Amino acid sequence: MMMSAMADQLEREIQLGADLRDFGSWMATEQKRVFLLCRRMLQDTDEADSATQDVFLKAYRALGGKTCAEELDNPAKWVTRIAVNTCLDRLRSKSWRIWQRRPDPRDEELILEMARGVSPDAERQLFSKQIQQRLEKALARLSDRQRAVFSLRHYDAMALEEIADVLKLDVGTVKAHLFRALSKLRDELRDLYFTNAP
Amino acid sequence: MSIESKRSGRLDEPAPFQRGEGSQLEPAPFQRGEGSKHWTDDQLIAHLYGVGPQDGHLECCAECRSRVSAMEIRRQSAVAESAEVAPERLAAQRRRVRAVLARSLHWWQAASLRRWVPAGTAAIALGGSLFYYNEQQQRHVRDNAISDAQLAQDVSLLAETPEAPPTAPLQALFVQ
């Protein structure tokens, strides 16, 4: 009886280890994309760190529960939906914003690079990076939904129908959000696409 | 060197995006060069993001097509450039997630008897109730028990009572 209980326990331990390993390897494939999406939506690296962890914890627990098999046909889309919803929840709570106002470490990085960038190639890279950073900062001007839609379209190259599916919105609504986002980001996008680097 | 100063002179005042009739989202009308029917920069951007005009212009204009292709390449390279994340940061995230999961799962497994908790609670409640009922019954019997001597005394008291028994009036009718 005792031996049987111990064997069961050992089996469970082995199963747990295998589950975590499988989950860990899947997480590694999706993690960077999820983190970047969270960072763009939350506009804060540390907050994005925490949100990314939340996303994968939720995903793991959902896998153990009654997750619809249809959703798991496309795990990337499924985890994207979890990420977007997690970020929207956090943005709704907004309590974290009290202490999030502090200098962006990327600004310091850029200043350092400006100081040492001398070659034309370095200048071009710096210019490109400047545009990127301007665009990412400009995302703060968008509403939460507009930011989600634009990020999924611009950075993840998702089709409008896919975005609508992830956000549970009509395609028309997605288009309206995207249209407004493009209007607000007009200057940054023009610089990105039509201004030549030195 | 600021980005603002690098803006091309040909992008004068940007034409605002305009809503078309009904629910259709239509960018501003063509503006680039008199007589030419090429799409404006704004229209190209809108097209790149899937909300551009649906007039079939791209199918017959190689120049606009090539501009859209160049923009798409630019978008992809820009996305790739902005996707730099320190691997240490990602590794740290994975470690933290794994630690939380392992902790919570071990706790849950240690409490694998959890599934028996409702049944155990019900059994204890039922046993307690039975015990209490049994106690109550025994106390009741104990309280109502009388000894033989007490019974004999009660009977003799009834026999000696001077009051007429309830049946006496009826018996009197048949007595001569």
# chains A, B, ... in the order shown; residues from 1 in each chain; ligands from 1
>>> residues_around(residues="segment 80-88 of chain B", least_positions_apart="6", cutoff="8 Å", atoms="only C-alpha atoms", output="ChimeraX atom specification")
/A:32,36,129,132
>>> write_last_selection(atoms="N, CA and C atoms", output="mmCIF file, in the first residue's frame")
data_model
loop_
_atom_site.group_PDB
_atom_site.id
_atom_site.type_symbol
_atom_site.label_atom_id
_atom_site.label_comp_id
_atom_site.auth_asym_id
_atom_site.auth_seq_id
_atom_site.Cartn_x
_atom_site.Cartn_y
_atom_site.Cartn_z
ATOM 1 N N LYS A 32 9.185 35.685 -26.826
ATOM 2 C CA LYS A 32 9.715 36.966 -27.281
ATOM 3 C C LYS A 32 8.610 37.811 -27.937
ATOM 4 N N LEU A 36 7.267 41.354 -26.510
ATOM 5 C CA LEU A 36 7.295 42.584 -27.313
ATOM 6 C C LEU A 36 5.900 43.183 -27.450
ATOM 7 N N LYS A 129 16.974 53.582 -35.798
ATOM 8 C CA LYS A 129 16.572 53.293 -34.418
ATOM 9 C C LYS A 129 15.753 54.442 -33.835
ATOM 10 N N GLN A 132 12.308 54.119 -35.067
ATOM 11 C CA GLN A 132 11.652 53.027 -34.341
ATOM 12 C C GLN A 132 11.177 53.495 -32.971
#
>>> residues_around(residues="Ser50 of chain A", least_positions_apart="2", cutoff="12 Å", atoms="only C-alpha atoms", output="ChimeraX atom specification")
/A:34-35,38-39,42,44-48,52-57,83,86-87,90,96 /B:89-90,92-94,96-97
>>> interface_residues(of="chain A", to="chain B", cutoff="6 Å", atoms="only C-alpha atoms", output="list in words")
Gln53, Tyr155, Tyr193 and Thr195 of chain A
>>> write_last_selection(atoms="C-alpha atoms", output="CSV table (one decimal), in the first residue's frame")
chain,number,residue,atom,x,y,z
A,53,GLN,CA,4.8,35.9,-16.9
A,155,TYR,CA,4.6,44.1,-35.7
A,193,TYR,CA,8.6,54.7,-45.0
A,195,THR,CA,12.4,59.6,-45.3
>>> residues_around(residues="segment 58-64 of chain A", least_positions_apart="4", cutoff="8 Å", atoms="only C-alpha atoms", output="MDAnalysis selection string")
chainID A and resid 23 54 79 82
